[in-house]
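What follows is a short report on a single structure.
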Amino acid sequence: MTTEDQQGHGTEPRIDQAIRGTARGTAPAPLSILDLASVGVGYTPGEALAATTELARRAEQWGYHRFWVAEHHGMPGVASSTPAVLLAHLGANTTTLRLGSGGVMLPNHAPLAIAEQFGLLEALHPGRIDIGLGRAPGTDPATARALRRGLGEGADDFPRQLAELTHFLDGDFPSGHPYARLTAVPRSEGRPPIWLLGSSGFSAQLAGRLGLPFAFAHHFSSTNTIPALDLYRSSFRPSAVLSEPYALIGVSAVAADDEASALRLARSAALGMLRLRSGQVGPIPSPEQAEEYPYSPAEADFMDSLLENVVLGEPGQVADGLEALRKRTGVDELMVTSHVHGNEARIRSYGLIAEAYGLTAKA
């Protein structure tokens with residue numbers, strides 16, 4: 001089976017409208033949210049998840065287009081380890097907001113299991129579900145081995161796994177295939193669109209070849225953003241899914257009353273990443289801890305490099321920064337993520353960004 005098996009046959013109706021977002025307020029492009037159910041020092045995972053639920057409700061009221069959650073494992077600062085479970089809960093607490101995974105790490109799971117999970121989500125919340133797929137483990141090597149025990153596959157097998165998942169979702173394995181008689185249940189008339197996620201060129205090129213929408217992780221791989229988007233667009237082939245490329249980027253954005261306050265919040269998250277890179281896993285440090293930390297010169301440089309990639313400031317500054325980034329990359333949609341300490345600050349950051357764009361409610 002080749003990766004082209006999943007592309008579709010041109011005679012099927014396109015599902016562009018399930019992919020293309022709607023710009024609201026004064027935003028020149030659709031705005032969406034990637035939320036990690038961030039757990040800060042002094043907060044419990046339950047409190048973080050309650051804040052994510054409240055954020056989804058408000059995001060719907062404000063006018064954000066879609067709300068994605070990501071699969072991470074072994075990270076005490078991130079509570080969204082199982083996107084399908086969290087998405088079912090968020091769907092029950094919203095009515096129109098588009099929900100999805102940003103993403104599910106396909107090599108960690110059997111394709112049939114993902115098809116069943118997202119088929120169930122689509123049945124519960126029809127027309128509102130996206131399947132964003134990544135090929136990284138979303139964790140450290142030891143945890144990845146524990147997750148994948150018995151699967152015997154990894155990121156290198158991603159195209160075959162993707163083709164298998166698509167056939168399960170569509171119920172169209174070719175005659176004679178070992179899985180031709182299997183059915184992923186439940187299976188609705190419609191099915192969630194697949195997005196490919198990436199931080200390099202591999203998924204960009206694959207998404208283009210298969211005519212799928214593409215989401216790039218600008219928030220942690222900014223140097224690769226333009227090359228990956230160029231590769232996606234140059235590789236794109238019209239499919240049963242899309243007639244032309246559609247790309248979004250994930251962007252770290254922190255809004256507060258002023259630039260100094262936003263930078264203070266962003267530094268706490270950056271310290272959390274610094275600790276993670278050195279093997280010190282834990283909840284997101286507080287702003288006070290970030291201020292008091294004794295940075296070595298190399299650590300200070302690392303912090304500066306991380307913060308250069310964050311769009312931060314008062315709401316107008318953030319809106320201007322996001323628009324400059326949109327114009328520079330030519331993306332169709334922006335997906336902001338405010339991975340900061342403090343549930344109140346996290347929710348407020350998204351609300352201030354919505355207010356800056358004149359969406360449907362005030363922060």
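By convention here, the chains of the structure tokens are called A, B, ... in the order presented, each chain's residues are numbered starting at 1, and ligands are numbered starting at 1 in the order presented.
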Exercise. Can you list every residue in region 7-200 of chain A that DSSP puts in strand (DSSP E or B), as JSON, numbers by chain?
Worked result: {"A": [31, 32, 33, 34, 35, 38, 40, 66, 67, 68, 69, 78, 98, 99, 100, 101, 104, 105, 129, 130, 131, 132, 133, 134, 194, 195, 196, 197, 198]}
For this session: Enumerate, as a PyMOL selection string, the complete set of residues in region 287-362 of chain A that a backbone-based DSSP assignment places in helix (DSSP H, G or I).
Result: chain A and resi 287-292+297-307+315-329+343-356
Keeping C-alpha atoms, export the residues of the selection given above as a short mmCIF file (atom, residue, chain, number, x, y, z; two decimals), in the first residue's frame.
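The resulting file, selection19.cif, is reproduced below:
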data_model
loop_
_atom_site.label_atom_id
_atom_site.label_comp_id
_atom_site.auth_asym_id
_atom_site.auth_seq_id
_atom_site.Cartn_x
_atom_site.Cartn_y
_atom_site.Cartn_z
CA PRO A 287 7.08 34.30 37.31
CA GLU A 288 8.80 34.78 40.66
CA GLN A 289 10.86 31.62 40.15
CA ALA A 290 11.83 32.81 36.67
CA GLU A 291 12.98 36.14 38.10
CA GLU A 292 15.04 34.52 40.84
CA PRO A 297 25.39 32.81 30.18
CA ALA A 298 24.42 29.82 28.01
CA GLU A 299 21.05 29.54 29.75
CA ALA A 300 20.42 33.26 29.34
CA ASP A 301 21.14 32.93 25.61
CA PHE A 302 18.75 29.98 25.38
CA MET A 303 16.02 31.99 27.13
CA ASP A 304 16.55 34.91 24.76
CA SER A 305 16.30 32.61 21.73
CA LEU A 306 13.01 31.19 23.01
CA LEU A 307 11.53 34.59 23.79
CA PRO A 315 -3.21 43.46 23.00
CA GLY A 316 -2.52 45.86 20.15
CA GLN A 317 1.14 44.87 20.03
CA VAL A 318 0.20 41.21 19.85
CA ALA A 319 -2.31 41.80 17.05
CA ASP A 320 0.30 43.76 15.09
CA GLY A 321 2.90 41.05 15.64
CA LEU A 322 0.54 38.30 14.56
CA GLU A 323 -0.42 40.21 11.43
CA ALA A 324 3.23 40.79 10.52
CA LEU A 325 3.85 37.07 10.91
CA ARG A 326 0.80 36.19 8.83
CA LYS A 327 1.96 38.44 6.01
CA ARG A 328 5.51 37.10 6.16
CA THR A 329 4.43 33.46 6.01
CA ASN A 343 -4.91 29.65 34.82
CA GLU A 344 -6.29 33.16 35.14
CA ALA A 345 -3.40 34.70 33.20
CA ARG A 346 -3.68 32.01 30.50
CA ILE A 347 -7.39 32.59 29.91
CA ARG A 348 -6.97 36.35 30.04
CA SER A 349 -4.20 36.30 27.43
CA TYR A 350 -6.48 34.64 24.89
CA GLY A 351 -9.28 37.02 25.83
CA LEU A 352 -7.14 40.10 25.31
CA ILE A 353 -6.07 38.82 21.88
CA ALA A 354 -9.74 38.30 20.98
CA GLU A 355 -10.53 41.82 22.17
CA ALA A 356 -7.72 43.27 20.06
#
Exercise. When you draw a straight line from CA of Arg24 (chain A) to CA of Ala217 (chain A), how long is it in Å?
Worked result: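 Result for CA of Arg24 (chain A) versus CA of Ala217 (chain A): 23.1 Å, one decimal.
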Problem set entry | Nearest to Pro213 (chain A), chosen from A:Pro193, A:Pro174, A:Gly40, A:Gly358, with only C-alpha atoms counted in the distances |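 Result for the nearest residue to Pro213 (chain A): A:Pro193.
CA of Ile33 (chain A) sits 10.6 Å away from CA of Glu333 (chain A).
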